[in-house]
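Colleague: First, the structure itself, so that you have it in front of you.
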Amino acid sequence: MSLDVSPALLEQAERGEVDEAAFVDCVRTSLPYAWGMISSLVAQLKVDGGEFADNQTPPPDEQARGQLLRALASDAIRGSLERHFGVRLAFQNCHRVAVFPLDPAVADRLARFTSIRGQLLNQSPQLRDC
């Protein structure tokens with residue numbers, strides 16, 4: 001299981017209506033490494049400005065790597081994080097997370113980051129088994 005879901009949140013889901021803020025809090029507490037990385041990138045983007053902020057440091061262990069994969073591979077989690085932080089998330093390899101502002105002016109940069117070419121240029125032998 002990727003999230004530690006409280007009985008109250010599970011009950012909401014069983015009834016059919018889920019409070020997104022409660023879901024985001026579940027993600028925050030269940031995936032603290034992923035949450036911390038995304039939060040810090042959002043803060044960096046706000047302070048530095050620019051087209052995007054990204055992380056290029058591999059996670060410290062497999063647990064942290066798994067948290068990033070779970071957070072960004074799940075459409076529900078990823079979408080909730082994007083709405084919560086007001087950004088667009090992009091992901092390459094096992095660790096390169098980027099946050100982009102919701103601004104049409106950075107659409108070309110986002111397209112380059114998420115392109116096949118961008119993916120290929122972000123490869124290295126050290127990341128082969130990540």
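Residue numbering restarts at 1 in every chain; chains get A, B, ... in the order shown in the structure tokens, and ligands count up from 1 in that same order.
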Select from stretch 20-115 of chain A every residue with an atom at most 9 Å from any atom of stretch 5-15 of chain A, then for each give the shortest pair of atoms and their distance in Å to one decimal, using only C-alpha atoms, rows by chain and rising number, as a tab-separated table.

Modeller:
residue	atom	partner	partner_atom	distance
A:Ala22	CA	A:Leu9	CA	7.2
A:Phe23	CA	A:Leu9	CA	7.4
A:Cys26	CA	A:Val5	CA	6.4
A:Val27	CA	A:Val5	CA	8.9
A:Ser30	CA	A:Val5	CA	8.2

Colleague: Name the residues in contact with stretch 56-58 of chain A at a cut-off of 8 Å, using only C-alpha atoms, excluding same-chain residues fewer than 3 positions from it; report them as a PyMOL selection string.

Modeller: chain A and resi 65+94-97

Colleague: Could you write those residues out with N, CA, C and O atoms, as a compact mmCIF listing (two decimals), in the first residue's frame?

Modeller:
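Okay, selection.txt is ready:
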# COMPACT_ATOMS: atom_id res chain seq x y z
N ARG A 65 13.04 6.71 -3.04
CA ARG A 65 12.82 6.57 -4.48
C ARG A 65 11.40 6.05 -4.74
O ARG A 65 10.69 6.53 -5.61
N CYS A 94 14.44 8.35 -12.11
CA CYS A 94 13.96 7.93 -10.80
C CYS A 94 13.96 9.07 -9.79
O CYS A 94 13.59 8.89 -8.64
N HIS A 95 14.41 10.25 -10.21
CA HIS A 95 14.56 11.30 -9.21
C HIS A 95 14.38 12.72 -9.74
O HIS A 95 14.20 13.63 -8.95
N ARG A 96 14.46 12.93 -11.00
CA ARG A 96 14.45 14.30 -11.50
C ARG A 96 13.02 14.82 -11.58
O ARG A 96 12.31 14.64 -12.56
N VAL A 97 12.62 15.46 -10.51
CA VAL A 97 11.31 16.07 -10.40
C VAL A 97 11.47 17.55 -10.72
O VAL A 97 12.43 18.18 -10.27

Colleague: Which residues of stretch 67-101 of chain A come within 12 Å of stretch 107-114 of chain A, and what is each one's closest atom pair and distance in Å (one decimal), counting only C-alpha atoms, sorted by chain and residue number, as a tab-separated table?

Modeller:
residue	atom	partner	partner_atom	distance
A:Val87	CA	A:Leu110	CA	11.6
A:Arg88	CA	A:Leu110	CA	8.9
A:Leu89	CA	A:Leu110	CA	9.4
A:Ala90	CA	A:Thr114	CA	6.8
A:Phe91	CA	A:Thr114	CA	7.7
A:Gln92	CA	A:Thr114	CA	7.8
A:Asn93	CA	A:Thr114	CA	11.2
A:Arg96	CA	A:Phe113	CA	10.5
A:Val97	CA	A:Phe113	CA	10.5
A:Ala98	CA	A:Phe113	CA	8.8
A:Val99	CA	A:Leu110	CA	9.3
A:Phe100	CA	A:Leu110	CA	7.2
A:Pro101	CA	A:Ala107	CA	9.4

Colleague: Store the residues picked out above, limited to C-alpha atoms, as a compact mmCIF listing (two decimals), in the first residue's frame.

Modeller:
# COMPACT_ATOMS: atom_id res chain seq x y z
CA VAL A 87 2.14 24.04 -10.31
CA ARG A 88 2.66 21.55 -13.08
CA LEU A 89 4.86 18.58 -12.12
CA ALA A 90 7.23 16.87 -14.53
CA PHE A 91 9.28 13.75 -13.88
CA GLN A 92 12.30 12.09 -15.50
CA ASN A 93 14.17 8.97 -14.43
CA ARG A 96 14.45 14.30 -11.50
CA VAL A 97 11.31 16.07 -10.40
CA ALA A 98 10.56 19.53 -11.77
CA VAL A 99 7.89 22.07 -10.94
CA PHE A 100 6.65 24.53 -13.53
CA PRO A 101 4.41 27.52 -12.86

Colleague: Let's see if you can do this: from backbone DSSP, list all alpha helix (DSSP H) residues in stretch 20-129 of chain A, as an MDAnalysis selection string.

Modeller: chainID A and resid 20:30 32:48 62:73 75:85 107:113 116:121

Colleague: Let's see if you can do this: from backbone DSSP, list all strand (DSSP E) residues in chain A, as a list in words.

Modeller: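 Those in chain A that DSSP calls strand (DSSP E) are Ala53, Asp54, Val87, Arg88, Leu89, Ala90, Phe91, Gln92, Arg96, Val97, Ala98, Val99, Phe100 and Pro101 of chain A.
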
Colleague: Name all residues at most 12 Å from A:Arg70 (count only C-alpha atoms; drop same-chain ones fewer than 5 positions away) and give them as JSON, numbers by chain.

Modeller: {"A": [1, 2, 3, 27, 30, 31, 32, 33, 34, 35, 63, 64, 65, 75, 76, 77, 78, 91, 94, 95]}
